[in-house]
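Undergrad: Structure file protein_21.tsv, TSV, C-alpha atoms, is pasted below:
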```
chain	number	residue	atom	x	y	z
A	632	MET	CA	12.34	34.06	25.03
A	633	THR	CA	11.05	30.47	25.20
A	634	LYS	CA	8.12	29.83	22.87
A	635	HIS	CA	5.07	27.77	23.75
A	636	TYR	CA	3.86	25.49	20.94
A	637	CYS	CA	0.50	23.77	21.40
A	638	ILE	CA	-0.78	20.95	19.17
A	639	ILE	CA	-4.37	19.73	19.34
A	640	GLY	CA	-4.79	16.17	18.08
A	641	THR	CA	-2.92	12.91	18.27
A	642	GLY	CA	-2.61	11.69	14.71
A	643	VAL	CA	0.42	11.31	12.48
A	644	ALA	CA	0.28	14.99	11.45
A	645	ALA	CA	0.55	16.07	15.08
A	646	VAL	CA	3.49	13.80	15.89
A	647	ASN	CA	5.45	14.82	12.79
A	648	ALA	CA	4.77	18.48	13.51
A	649	ALA	CA	6.07	18.12	17.05
A	650	LYS	CA	9.28	16.54	15.75
A	651	ALA	CA	9.71	19.26	13.11
A	652	ILE	CA	9.30	21.96	15.77
A	653	ARG	CA	11.90	20.32	17.99
A	654	ASP	CA	14.35	20.04	15.10
A	655	GLN	CA	14.09	23.81	14.62
A	656	ASP	CA	13.73	24.94	18.23
A	657	LEU	CA	15.68	23.03	20.86
A	658	GLU	CA	14.36	25.09	23.77
A	659	GLY	CA	10.67	25.65	23.04
A	660	ASN	CA	7.90	24.04	25.07
A	661	ILE	CA	5.90	21.60	22.93
A	662	LEU	CA	2.55	20.47	24.31
A	663	LEU	CA	0.43	17.84	22.53
A	664	PHE	CA	-3.20	17.41	23.63
A	665	GLY	CA	-5.51	14.48	22.89
A	666	SER	CA	-8.95	13.54	24.18
A	667	GLU	CA	-8.28	9.78	24.05
A	668	ASP	CA	-6.62	7.85	26.88
A	669	SER	CA	-3.59	6.85	24.79
A	670	LEU	CA	-0.49	8.32	23.29
A	671	PRO	CA	-0.86	8.96	19.53
A	672	TYR	CA	-1.46	5.67	17.75
A	673	ASN	CA	-1.77	4.34	14.23
A	674	ARG	CA	-5.49	4.40	13.41
A	675	ILE	CA	-4.93	2.08	10.47
A	676	LYS	CA	-4.37	-0.69	13.03
A	677	LEU	CA	-7.99	-0.38	14.19
A	678	SER	CA	-9.14	-2.03	10.98
A	679	LYS	CA	-6.06	-3.84	9.70
A	680	ASP	CA	-5.16	-5.49	13.02
A	681	LEU	CA	-8.51	-5.30	14.79
A	682	PHE	CA	-8.00	-8.46	16.83
A	683	ALA	CA	-4.44	-7.69	17.89
A	684	ASP	CA	-3.68	-6.11	21.27
A	685	LEU	CA	-4.62	-2.51	20.51
A	686	ARG	CA	-2.97	-1.38	23.74
A	687	SER	CA	0.39	-2.75	22.66
A	688	GLU	CA	3.28	-0.38	22.06
A	689	LYS	CA	3.32	-1.68	18.49
A	690	VAL	CA	0.16	0.35	17.80
A	691	LEU	CA	1.73	3.63	18.94
A	692	ILE	CA	3.18	6.03	16.38
A	693	LYS	CA	6.02	6.74	18.82
A	694	LYS	CA	6.75	5.08	22.15
A	695	GLU	CA	6.64	7.00	25.43
A	696	GLN	CA	10.44	7.17	25.62
A	697	TRP	CA	10.52	9.08	22.34
A	698	TYR	CA	8.44	11.92	23.78
A	699	GLN	CA	10.72	12.06	26.79
A	700	LYS	CA	13.85	12.16	24.64
A	701	GLN	CA	12.39	14.87	22.40
A	702	GLN	CA	11.11	16.79	25.45
A	703	ILE	CA	7.60	16.82	24.04
A	704	GLN	CA	4.84	16.86	26.65
A	705	ALA	CA	1.92	14.63	25.69
A	706	PHE	CA	-1.40	15.03	27.49
A	707	PRO	CA	-3.81	12.14	26.84
A	708	ASN	CA	-7.32	12.43	28.28
A	709	THR	CA	-7.12	16.20	27.88
A	710	ALA	CA	-9.83	17.47	25.60
A	711	ILE	CA	-9.54	21.05	24.36
A	712	THR	CA	-13.03	22.57	24.27
A	713	GLN	CA	-12.34	26.18	23.34
A	714	ILE	CA	-9.79	28.26	21.43
A	715	ASP	CA	-9.46	31.98	22.17
A	716	VAL	CA	-7.46	33.17	19.18
A	717	GLU	CA	-7.36	36.77	20.38
A	718	GLN	CA	-5.86	35.93	23.77
A	719	HIS	CA	-3.84	32.97	22.42
A	720	VAL	CA	-5.42	30.68	25.01
A	721	LEU	CA	-6.77	27.12	24.98
A	722	VAL	CA	-9.42	25.94	27.43
A	723	THR	CA	-9.61	22.28	28.49
A	724	SER	CA	-12.73	20.32	29.48
A	725	THR	CA	-11.80	20.89	33.13
A	726	GLY	CA	-11.57	24.66	32.66
A	727	GLU	CA	-7.79	24.90	32.66
A	728	ARG	CA	-6.44	27.76	30.53
A	729	ILE	CA	-3.24	27.19	28.54
A	730	SER	CA	-1.41	29.95	26.71
A	731	TYR	CA	0.27	29.44	23.35
A	732	ASP	CA	2.55	31.38	21.03
A	733	LYS	CA	1.89	29.07	18.08
A	734	LEU	CA	-1.03	26.66	17.71
A	735	LEU	CA	-1.50	23.68	15.40
A	736	ILE	CA	-4.94	22.12	14.92
A	737	CYS	CA	-4.80	18.44	13.95
A	738	THR	CA	-8.26	17.29	15.00
A	739	GLY	CA	-8.50	14.93	12.03
A	740	SER	CA	-11.82	13.68	10.75
A	741	LYS	CA	-15.02	12.01	11.89
A	742	ASN	CA	-16.68	8.96	10.37
A	743	ARG	CA	-19.76	9.73	8.33
A	744	LYS	CA	-22.88	8.56	10.12
A	745	LEU	CA	-25.74	6.58	8.64
A	746	SER	CA	-29.03	8.08	9.76
A	747	LEU	CA	-31.28	5.23	8.63
A	748	PRO	CA	-33.94	3.39	10.64
A	749	GLY	CA	-32.49	0.97	13.16
A	750	PHE	CA	-28.93	2.28	13.12
A	751	ASP	CA	-29.31	3.26	16.76
A	752	LYS	CA	-29.81	-0.36	17.81
A	753	GLN	CA	-27.41	-2.34	19.95
A	754	GLY	CA	-24.83	-4.04	17.76
A	755	VAL	CA	-24.31	-1.28	15.18
A	756	PHE	CA	-20.79	0.13	15.13
A	757	THR	CA	-18.52	2.50	13.25
A	758	ILE	CA	-14.88	2.67	14.30
A	759	ARG	CA	-12.77	5.80	14.48
A	760	GLU	CA	-11.24	5.65	17.95
A	761	MET	CA	-9.68	2.85	19.97
A	762	HIS	CA	-12.51	2.58	22.49
A	763	GLU	CA	-14.96	2.00	19.60
A	764	ALA	CA	-12.80	-0.83	18.24
A	765	GLU	CA	-12.58	-2.40	21.70
A	766	ALA	CA	-16.35	-2.12	22.21
A	767	PHE	CA	-16.98	-3.78	18.84
A	768	LYS	CA	-14.60	-6.66	19.58
A	769	THR	CA	-16.24	-7.26	22.95
A	770	TYR	CA	-19.72	-7.23	21.46
A	771	ILE	CA	-19.01	-9.76	18.71
A	772	GLU	CA	-17.09	-12.25	20.85
A	773	ASP	CA	-20.10	-14.60	20.88
A	774	LYS	CA	-21.51	-13.44	17.53
A	775	SER	CA	-21.05	-15.30	14.25
A	776	SER	CA	-22.49	-13.24	11.40
A	777	ILE	CA	-21.41	-9.67	10.66
A	778	VAL	CA	-22.58	-7.30	7.93
A	779	ASN	CA	-19.85	-4.87	6.90
A	780	ILE	CA	-21.07	-1.77	5.04
A	781	GLY	CA	-18.42	-0.09	2.92
A	782	GLY	CA	-16.15	-1.39	0.17
A	783	GLY	CA	-13.34	1.11	0.67
A	784	ILE	CA	-9.96	0.37	2.23
A	785	GLN	CA	-11.00	0.63	5.88
A	786	GLY	CA	-14.14	-1.45	5.36
A	787	LEU	CA	-12.31	-4.21	3.51
A	788	GLU	CA	-9.47	-4.34	6.02
A	789	THR	CA	-12.06	-4.73	8.77
A	790	ALA	CA	-13.76	-7.50	6.78
A	791	TRP	CA	-10.43	-9.34	6.49
A	792	SER	CA	-9.88	-9.06	10.24
A	793	LEU	CA	-13.34	-10.51	10.85
A	794	VAL	CA	-12.79	-13.40	8.44
A	795	LYS	CA	-9.50	-14.28	10.15
A	796	ALA	CA	-11.39	-14.28	13.47
A	797	GLY	CA	-13.76	-16.93	12.10
A	798	LYS	CA	-16.79	-14.73	11.47
A	799	LYS	CA	-19.21	-15.04	8.58
A	800	VAL	CA	-18.99	-11.73	6.71
A	801	THR	CA	-21.20	-9.96	4.20
A	802	VAL	CA	-19.76	-6.84	2.53
A	803	LEU	CA	-22.19	-4.25	1.17
A	804	GLU	CA	-21.00	-1.53	-1.23
A	805	ALA	CA	-23.24	1.12	-2.78
A	806	ALA	CA	-20.94	1.65	-5.77
A	807	PRO	CA	-20.66	-0.71	-8.77
A	808	ARG	CA	-17.20	-1.87	-7.63
A	809	LEU	CA	-14.93	-2.19	-4.60
A	810	MET	CA	-12.25	0.42	-3.84
A	811	ALA	CA	-13.49	2.53	-6.75
A	812	ARG	CA	-11.14	5.42	-5.94
A	813	GLN	CA	-8.02	3.25	-6.07
A	814	LEU	CA	-8.75	0.41	-8.52
A	815	ASP	CA	-9.88	0.09	-12.10
A	816	GLU	CA	-12.77	-2.20	-13.01
A	817	LYS	CA	-10.59	-5.25	-13.72
A	818	ALA	CA	-8.56	-4.99	-10.50
A	819	SER	CA	-11.73	-4.47	-8.48
A	820	SER	CA	-13.31	-7.53	-10.08
A	821	MET	CA	-10.23	-9.62	-9.25
A	822	LEU	CA	-10.40	-8.46	-5.63
A	823	LYS	CA	-14.10	-9.34	-5.43
A	824	GLN	CA	-13.46	-12.82	-6.81
A	825	LYS	CA	-10.72	-13.42	-4.26
A	826	MET	CA	-13.00	-12.33	-1.41
A	827	GLU	CA	-15.82	-14.57	-2.60
A	828	ALA	CA	-13.42	-17.51	-2.93
A	829	ILE	CA	-12.74	-17.38	0.81
A	830	GLY	CA	-16.43	-17.25	1.67
A	831	ILE	CA	-17.30	-13.53	1.86
A	832	ASP	CA	-20.70	-12.56	0.46
A	833	VAL	CA	-19.99	-9.39	-1.58
A	834	ARG	CA	-22.96	-7.33	-2.73
A	835	LEU	CA	-22.40	-4.32	-4.99
A	836	GLN	CA	-24.84	-1.50	-5.75
A	837	ALA	CA	-26.35	-2.30	-2.37
A	838	THR	CA	-28.99	0.10	-1.09
A	839	VAL	CA	-29.27	-0.26	2.69
A	840	GLN	CA	-32.78	0.45	3.97
A	841	GLN	CA	-32.80	-0.34	7.68
A	842	VAL	CA	-31.49	-2.50	10.51
A	843	ILE	CA	-34.09	-4.80	12.03
A	844	GLY	CA	-34.43	-6.30	15.49
A	845	GLU	CA	-36.11	-5.35	18.74
A	846	GLU	CA	-33.34	-3.77	20.83
A	847	ALA	CA	-30.35	-5.42	19.17
A	848	VAL	CA	-29.42	-6.17	15.58
A	849	ALA	CA	-31.16	-9.21	14.09
A	850	GLY	CA	-30.76	-8.42	10.41
A	851	ILE	CA	-30.56	-5.73	7.77
A	852	HIS	CA	-32.82	-4.84	4.84
A	853	VAL	CA	-30.87	-4.36	1.59
A	854	ASN	CA	-32.32	-3.97	-1.90
A	855	GLU	CA	-35.72	-5.21	-0.70
A	856	SER	CA	-34.23	-8.40	0.79
A	857	THR	CA	-33.21	-9.27	4.36
A	858	ILE	CA	-29.80	-10.49	5.51
A	859	PRO	CA	-29.84	-12.10	8.98
A	860	CYS	CA	-26.87	-10.99	11.11
A	861	ASP	CA	-25.71	-10.45	14.69
A	862	SER	CA	-23.96	-7.11	14.19
A	863	VAL	CA	-23.43	-4.33	11.64
A	864	ILE	CA	-20.27	-2.30	11.19
A	865	TYR	CA	-19.95	0.45	8.64
A	866	SER	CA	-17.28	2.66	7.11
A	867	ILE	CA	-18.64	5.05	4.48
A	868	GLY	CA	-16.07	7.84	4.48
A	869	VAL	CA	-15.00	10.68	6.74
A	870	THR	CA	-15.49	14.42	7.13
A	871	PRO	CA	-13.06	16.92	8.71
A	872	ASP	CA	-13.71	17.47	12.43
A	873	LEU	CA	-14.42	21.21	12.59
A	874	ASP	CA	-16.30	21.25	15.91
A	875	LEU	CA	-13.50	22.99	17.81
A	876	VAL	CA	-13.20	25.91	15.38
A	877	ALA	CA	-16.93	26.38	14.77
A	878	SER	CA	-17.13	29.26	17.27
A	879	THR	CA	-13.85	30.87	16.19
A	880	PRO	CA	-13.02	33.21	13.27
A	881	VAL	CA	-10.81	30.52	11.69
A	882	ALA	CA	-11.91	30.27	8.05
A	883	THR	CA	-13.37	26.94	6.92
A	884	GLN	CA	-15.10	25.41	3.92
A	885	ARG	CA	-14.89	21.61	3.71
A	886	GLY	CA	-11.97	21.79	6.16
A	887	ILE	CA	-9.84	24.45	7.84
A	888	ILE	CA	-8.47	26.53	4.99
A	889	VAL	CA	-4.65	26.70	4.94
A	890	ASN	CA	-2.05	28.23	2.63
A	891	ASP	CA	1.19	26.67	1.37
A	892	TYR	CA	2.75	27.14	4.84
A	893	MET	CA	-0.17	25.40	6.56
A	894	GLU	CA	-1.22	28.75	8.06
A	895	THR	CA	-4.92	29.36	8.68
A	896	SER	CA	-6.68	32.69	8.27
A	897	ILE	CA	-5.71	33.59	11.86
A	898	ALA	CA	-2.19	34.64	12.82
A	899	ASP	CA	-0.16	32.03	14.73
A	900	VAL	CA	-2.76	29.30	14.08
A	901	TYR	CA	-1.89	26.41	11.75
A	902	ALA	CA	-3.74	23.27	10.64
A	903	ALA	CA	-2.58	19.97	9.11
A	904	GLY	CA	-3.80	16.49	8.28
A	905	ASP	CA	-7.36	15.34	7.66
A	906	VAL	CA	-8.87	18.55	9.07
A	907	ALA	CA	-6.96	20.85	6.71
A	908	GLU	CA	-8.17	22.12	3.33
A	909	TRP	CA	-5.32	23.05	1.01
A	910	ASN	CA	-5.76	24.38	-2.50
A	911	GLY	CA	-9.48	23.58	-2.37
A	912	GLY	CA	-9.03	19.93	-1.36
A	913	VAL	CA	-9.03	17.83	1.78
A	914	GLU	CA	-6.29	15.20	1.41
A	915	GLY	CA	-7.35	12.48	3.84
A	916	LEU	CA	-4.21	10.41	3.19
A	917	TRP	CA	-1.62	9.13	5.68
A	918	ASP	CA	1.50	10.21	3.77
A	919	ARG	CA	0.14	13.66	3.05
A	920	ALA	CA	-0.89	14.15	6.69
A	921	MET	CA	2.72	13.36	7.65
A	922	ASP	CA	4.05	15.86	5.12
A	923	GLN	CA	1.61	18.58	6.16
A	924	GLY	CA	2.54	18.06	9.80
A	925	LYS	CA	6.23	18.43	9.00
A	926	VAL	CA	5.62	21.63	7.00
A	927	ALA	CA	3.39	23.11	9.69
A	928	GLY	CA	5.86	22.33	12.47
A	929	LYS	CA	8.82	23.79	10.62
A	930	ASN	CA	6.93	26.99	9.84
A	931	MET	CA	5.66	27.33	13.39
A	932	ALA	CA	9.26	27.41	14.60
A	933	SER	CA	10.74	29.24	11.58
A	934	PRO	CA	7.94	31.05	9.71
A	935	GLY	CA	7.98	30.97	5.93
A	936	THR	CA	10.76	28.40	5.57
A	937	GLU	CA	8.88	25.39	4.19
A	938	VAL	CA	6.26	25.15	1.43
A	939	TYR	CA	3.86	22.23	1.18
A	940	ARG	CA	3.79	20.31	-2.08
A	941	LYS	CA	1.67	17.28	-2.83
A	942	THR	CA	3.34	13.90	-2.83
A	943	ILE	CA	2.18	11.15	-5.18
A	944	PRO	CA	-0.79	9.34	-3.59
A	945	LEU	CA	-0.01	5.71	-2.79
A	946	THR	CA	-2.41	3.09	-1.50
A	947	VAL	CA	-0.98	-0.19	-0.23
A	948	PHE	CA	-3.43	-3.03	0.37
A	949	ASN	CA	-2.59	-6.38	1.96
A	950	ALA	CA	-5.64	-8.49	2.74
A	951	PHE	CA	-7.40	-11.67	1.62
A	952	ASP	CA	-3.94	-13.12	0.88
A	953	LEU	CA	-3.45	-10.47	-1.79
A	954	ALA	CA	-0.85	-7.75	-2.17
A	955	LEU	CA	-1.58	-4.77	-4.38
A	956	PHE	CA	-0.79	-1.09	-4.68
A	957	SER	CA	-2.34	1.87	-6.45
A	958	MET	CA	-0.36	5.02	-7.19
A	959	GLY	CA	-1.06	8.37	-8.77
A	960	LEU	CA	-3.93	9.04	-11.17
A	961	VAL	CA	-5.74	5.79	-12.01
A	962	ASP	CA	-8.87	7.06	-13.76
A	963	GLU	CA	-8.91	5.81	-17.34
A	964	MET	CA	-11.63	8.34	-18.22
A	965	VAL	CA	-9.19	11.25	-17.95
A	966	CYS	CA	-6.11	9.47	-19.33
A	967	ASP	CA	-5.01	9.26	-22.96
A	968	ALA	CA	-3.84	5.66	-22.89
A	969	THR	CA	-3.35	2.66	-20.62
A	970	LEU	CA	-1.19	-0.46	-20.86
A	971	ILE	CA	-2.19	-3.76	-19.29
A	972	GLU	CA	-0.18	-6.88	-18.43
A	973	GLU	CA	-1.79	-9.94	-16.88
A	974	ASP	CA	-1.50	-13.70	-16.80
A	975	ALA	CA	-3.40	-16.73	-15.57
A	976	SER	CA	-1.53	-16.77	-12.25
A	977	GLY	CA	-3.33	-13.62	-11.09
A	978	THR	CA	-0.66	-11.09	-11.97
A	979	TYR	CA	-2.18	-7.82	-13.17
A	980	THR	CA	-0.62	-4.41	-13.80
A	981	ARG	CA	-2.13	-1.40	-15.53
A	982	LEU	CA	-0.16	1.72	-16.44
A	983	PHE	CA	-1.97	5.03	-16.93
A	984	ILE	CA	-0.59	7.65	-19.35
A	985	LYS	CA	-1.67	11.27	-19.85
A	986	ASP	CA	-0.02	14.02	-21.91
A	987	GLN	CA	2.75	11.56	-22.87
A	988	THR	CA	3.83	10.94	-19.26
A	989	ILE	CA	3.12	8.10	-16.83
A	990	VAL	CA	0.63	9.36	-14.23
A	991	GLY	CA	-0.51	6.23	-12.40
A	992	VAL	CA	-0.36	2.48	-11.90
A	993	VAL	CA	-2.42	-0.32	-10.37
A	994	SER	CA	-0.57	-3.56	-9.71
A	995	PHE	CA	-1.15	-6.83	-7.88
A	996	GLU	CA	2.36	-6.83	-6.48
A	997	SER	CA	4.10	-5.99	-3.24
A	998	VAL	CA	4.73	-2.30	-2.64
A	999	ILE	CA	8.44	-3.09	-3.08
A	1000	ALA	CA	7.75	-3.08	-6.83
A	1001	ALA	CA	6.37	0.48	-6.69
A	1002	ALA	CA	9.69	2.37	-6.70
A	1003	PRO	CA	10.28	2.53	-10.50
A	1004	TYR	CA	6.72	3.70	-11.10
A	1005	LYS	CA	7.04	6.38	-8.44
A	1006	ALA	CA	10.26	7.66	-10.03
A	1007	ALA	CA	8.60	7.78	-13.46
A	1008	ILE	CA	5.51	9.61	-12.18
A	1009	LYS	CA	7.50	12.07	-10.09
A	1010	SER	CA	10.01	12.91	-12.83
A	1011	GLN	CA	7.34	13.24	-15.54
A	1012	VAL	CA	9.69	11.69	-18.08
A	1013	SER	CA	8.07	11.74	-21.52
A	1014	VAL	CA	7.15	8.51	-23.26
A	1015	ALA	CA	6.90	10.34	-26.59
A	1016	GLY	CA	8.30	8.31	-29.46
A	1017	LEU	CA	7.65	4.94	-27.77
A	1018	ASP	CA	5.29	2.59	-29.59
A	1019	LEU	CA	2.91	2.03	-26.71
A	1020	LYS	CA	0.75	-0.36	-28.71
A	1021	ALA	CA	3.69	-2.67	-29.40
A	1022	LEU	CA	5.65	-2.47	-26.14
A	1023	SER	CA	4.96	-4.24	-22.86
A	1024	ILE	CA	4.85	-2.39	-19.55
A	1025	ARG	CA	8.23	-3.90	-18.70
A	1026	GLU	CA	9.70	-2.54	-21.93
A	1027	VAL	CA	8.16	0.90	-21.43
A	1028	MET	CA	9.53	1.10	-17.89
A	1029	ALA	CA	12.99	0.05	-19.11
A	1030	ALA	CA	12.89	2.85	-21.69
A	1031	VAL	CA	11.75	5.34	-19.05
A	1032	LYS	CA	14.60	4.25	-16.79
A	1033	ASP	CA	17.09	4.87	-19.61
A	1034	ARG	CA	15.66	8.32	-20.21
A	1035	LEU	CA	15.82	9.11	-16.50
A	1036	GLU	CA	19.47	8.07	-16.31
A	1037	ALA	CA	20.30	10.05	-19.43
A	1038	SER	CA	18.62	13.13	-18.02
A	1039	ALA	CA	20.47	12.77	-14.71
A	1040	ALA	CA	23.80	12.48	-16.51
A	1041	VAL	CA	23.36	15.81	-18.31
```
Once more with this new file: its structure as structure tokens, please.
TA:
Amino acid sequence: MTKHYCIIGTGVAAVNAAKAIRDQDLEGNILLFGSEDSLPYNRIKLSKDLFADLRSEKVLIKKEQWYQKQQIQAFPNTAITQIDVEQHVLVTSTGERISYDKLLICTGSKNRKLSLPGFDKQGVFTIREMHEAEAFKTYIEDKSSIVNIGGGIQGLETAWSLVKAGKKVTVLEAAPRLMARQLDEKASSMLKQKMEAIGIDVRLQATVQQVIGEEAVAGIHVNESTIPCDSVIYSIGVTPDLDLVASTPVATQRGIIVNDYMETSIADVYAAGDVAEWNGGVEGLWDRAMDQGKVAGKNMASPGTEVYRKTIPLTVFNAFDLALFSMGLVDEMVCDATLIEEDASGTYTRLFIKDQTIVGVVSFESVIAAAPYKAAIKSQVSVAGLDLKALSIREVMAAVKDRLEASAAV
């Protein structure tokens, strides 16, 4: 009997789940529903390549021909408004009822909103979907000064796009440093200096009070001072989008609770990606959304065959003419030791060690250089017996490589 697989959402988790289902079940009907008017696309492009053609095929996760070849039916502009888990039925915004045997919820996340005075004025934006990015670009075509609230990855990538477009940019961050989740204090300071060198006004520990102007943005009050500007864009984090399951018995806390198979509390209903809560945490990372989608899809087609395991978190950042990556655990407060290498040319690498194993690294290098660190973190090779105070990072990594090869030869 032919199975009907329905997937709600159009992110990377959804696409990878659809492919995993097809790999297991060559005959099943796979239906992928999204409320936006596009095939699934790479949301990272909305900040990283803001001024590129966002309707180009290059933005898509997979081109239209791929869906045809895989016999996956994609339904853009088709919002699912209700899930009847007892009847195994989805209801669209037009009232159409669609039956499913297995359902995957990949509704992703929503940008956190700032509910401060003036944030409802014309010229204030936050970007999560393509139409929001397009509206922002249109609005600022004749504008010159933009305030960008948020010193995380998305906010800084947007700032870089704006600088390349010739805009004057001010970056406001509430925390004491930029990219605090991914960078140590030194790396964050180096990033700030690079941004300021190209003309960006970076303000840390910034407390935003209100946007001023009559109908449209004319400025913003921050730390009791006023910054004149034409527009404000902000990116202050995301929360799982649970709206669709709010009226269902699907169990939620921060996100939709799933087990190791990406199963929810309801039979035949799975969740993956930014909306899913696994082992008490919401991942919110691209690579992990991909992995969760693959696990969910495989188990939808062949229940109980694939268990989800965390991959090592990796952040790759290329902006402001800098290349850097952050991998694994990079919090010196919970590590036993760290090693640092740097020079006057701007090279900086910091290795993080806990329980005599390498657990993380921050490095101002291309991601190509990340492979040895990933192998060391994944394998948990011990650095016991190495004189960490006397050895350089290069020497420690060479010793770790030798130990890895010796272990593999046994």
Undergrad: Please provide as a list in words all residues within 7 Å of segment 797-813 of chain A, with the sequence filter that same-chain residues fewer than 6 positions apart are discarded (counting only C-alpha atoms).
TA: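 Listing them by chain and then by number gives Ser775, Ser776, Ile777, Val778, Asn779, Ile780, Gly781, Gly782, Gly783, Ile784, Ala790, Ser819, Ile831, Asp832, Val833, Arg834, Leu835, Gln836, Ala837, Thr838, Ser957 and Val961 of chain A.
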Undergrad: Using all atoms listed in the file, what table do you get, as JSON lines, when you list each residue of segment 667-690 of chain A with an atom no more than 12 Å from segment 945-949 of chain A, its nearest pair of atoms, and their distance in Å rounded to one decimal, rows by chain then rising number?
TA:
```
{"residue": "A:Ile675", "atom": "CA", "partner": "A:Phe948", "partner_atom": "CA", "distance": 11.4}
{"residue": "A:Ser678", "atom": "CA", "partner": "A:Asn949", "partner_atom": "CA", "distance": 12.0}
{"residue": "A:Lys679", "atom": "CA", "partner": "A:Asn949", "partner_atom": "CA", "distance": 8.9}
{"residue": "A:Asp680", "atom": "CA", "partner": "A:Asn949", "partner_atom": "CA", "distance": 11.4}
```
Undergrad: For the atom pair atom CA of Ala877 of chain A and atom CA of Leu677 of chain A, what is the interatomic distance in Å to one decimal place?
TA: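 That distance, rounded to one decimal, is 28.2 Å.
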Undergrad: Find the residues near Ala932 of chain A: any atom within 7 Å, counting only C-alpha atoms, skip ones fewer than 5 places away on the same chain, and give them as a list of chain:residue names.
TA: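 Once the adjacent positions are removed, what remains is A:Ile652, A:Gln655, A:Asp656.
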Undergrad: Please produce a file of the residues just selected, as a PDB file, keeping the file's coordinate frame, where the atoms kept are C-alpha atoms.
TA:
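Written output follows (again.pdb):
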```pdb
ATOM      1  CA  ILE A 652       9.300  21.960  15.770  1.00  0.00           C
ATOM      2  CA  GLN A 655      14.090  23.810  14.620  1.00  0.00           C
ATOM      3  CA  ASP A 656      13.730  24.940  18.230  1.00  0.00           C
TER       4      ASP A 656
END
```
Undergrad: Leaving out Cys637 of chain A and any residue of its chain fewer than 5 positions from it, which residues lie within 10 Å of it when counting only C-alpha atoms, given as a PDB file with C-alpha atoms, in the coordinates of the input?
TA:
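Output file out_1.pdb is given in full below:
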```
ATOM      1  CA  ALA A 645       0.550  16.070  15.080  1.00  0.00           C
ATOM      2  CA  ALA A 649       6.070  18.120  17.050  1.00  0.00           C
ATOM      3  CA  ASN A 660       7.900  24.040  25.070  1.00  0.00           C
ATOM      4  CA  ILE A 661       5.900  21.600  22.930  1.00  0.00           C
ATOM      5  CA  LEU A 662       2.550  20.470  24.310  1.00  0.00           C
ATOM      6  CA  LEU A 663       0.430  17.840  22.530  1.00  0.00           C
ATOM      7  CA  PHE A 664      -3.200  17.410  23.630  1.00  0.00           C
ATOM      8  CA  GLN A 704       4.840  16.860  26.650  1.00  0.00           C
ATOM      9  CA  VAL A 720      -5.420  30.680  25.010  1.00  0.00           C
ATOM     10  CA  LEU A 721      -6.770  27.120  24.980  1.00  0.00           C
ATOM     11  CA  ILE A 729      -3.240  27.190  28.540  1.00  0.00           C
ATOM     12  CA  SER A 730      -1.410  29.950  26.710  1.00  0.00           C
ATOM     13  CA  TYR A 731       0.270  29.440  23.350  1.00  0.00           C
ATOM     14  CA  ASP A 732       2.550  31.380  21.030  1.00  0.00           C
ATOM     15  CA  LYS A 733       1.890  29.070  18.080  1.00  0.00           C
ATOM     16  CA  LEU A 734      -1.030  26.660  17.710  1.00  0.00           C
ATOM     17  CA  LEU A 735      -1.500  23.680  15.400  1.00  0.00           C
ATOM     18  CA  ILE A 736      -4.940  22.120  14.920  1.00  0.00           C
ATOM     19  CA  VAL A 900      -2.760  29.300  14.080  1.00  0.00           C
TER      20      VAL A 900
END
```
Undergrad: Identify the residues within 12 Å of coordinate (-31.2, -12.8, 5.8) (same frame as the file), considering only C-alpha atoms, and give the answer as a PDB file with C-alpha atoms, in the frame of the given file.
TA:
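Below is the file selection.pdb, written as the result:
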```pdb
ATOM      1  CA  SER A 776     -22.490 -13.240  11.400  1.00  0.00           C
ATOM      2  CA  ILE A 777     -21.410  -9.670  10.660  1.00  0.00           C
ATOM      3  CA  VAL A 778     -22.580  -7.300   7.930  1.00  0.00           C
ATOM      4  CA  THR A 801     -21.200  -9.960   4.200  1.00  0.00           C
ATOM      5  CA  ASP A 832     -20.700 -12.560   0.460  1.00  0.00           C
ATOM      6  CA  VAL A 842     -31.490  -2.500  10.510  1.00  0.00           C
ATOM      7  CA  ILE A 843     -34.090  -4.800  12.030  1.00  0.00           C
ATOM      8  CA  VAL A 848     -29.420  -6.170  15.580  1.00  0.00           C
ATOM      9  CA  ALA A 849     -31.160  -9.210  14.090  1.00  0.00           C
ATOM     10  CA  GLY A 850     -30.760  -8.420  10.410  1.00  0.00           C
ATOM     11  CA  ILE A 851     -30.560  -5.730   7.770  1.00  0.00           C
ATOM     12  CA  HIS A 852     -32.820  -4.840   4.840  1.00  0.00           C
ATOM     13  CA  VAL A 853     -30.870  -4.360   1.590  1.00  0.00           C
ATOM     14  CA  ASN A 854     -32.320  -3.970  -1.900  1.00  0.00           C
ATOM     15  CA  GLU A 855     -35.720  -5.210  -0.700  1.00  0.00           C
ATOM     16  CA  SER A 856     -34.230  -8.400   0.790  1.00  0.00           C
ATOM     17  CA  THR A 857     -33.210  -9.270   4.360  1.00  0.00           C
ATOM     18  CA  ILE A 858     -29.800 -10.490   5.510  1.00  0.00           C
ATOM     19  CA  PRO A 859     -29.840 -12.100   8.980  1.00  0.00           C
ATOM     20  CA  CYS A 860     -26.870 -10.990  11.110  1.00  0.00           C
ATOM     21  CA  ASP A 861     -25.710 -10.450  14.690  1.00  0.00           C
TER      22      ASP A 861
END
```
Undergrad: What is the atom CA of Val716 of chain A-atom CA of Lys634 of chain A distance in Å, reported with one decimal?
TA: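 Distance between the two atoms: 16.4 Å.
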Undergrad: Considering all atoms listed in the file, can you say which of A:Gly786, A:Gly726, A:Gly915, A:Gly830 comes closest to Val869 of chain A?
TA: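 Checking each candidate against Val869 of chain A, we get A:Gly915 as the closest.
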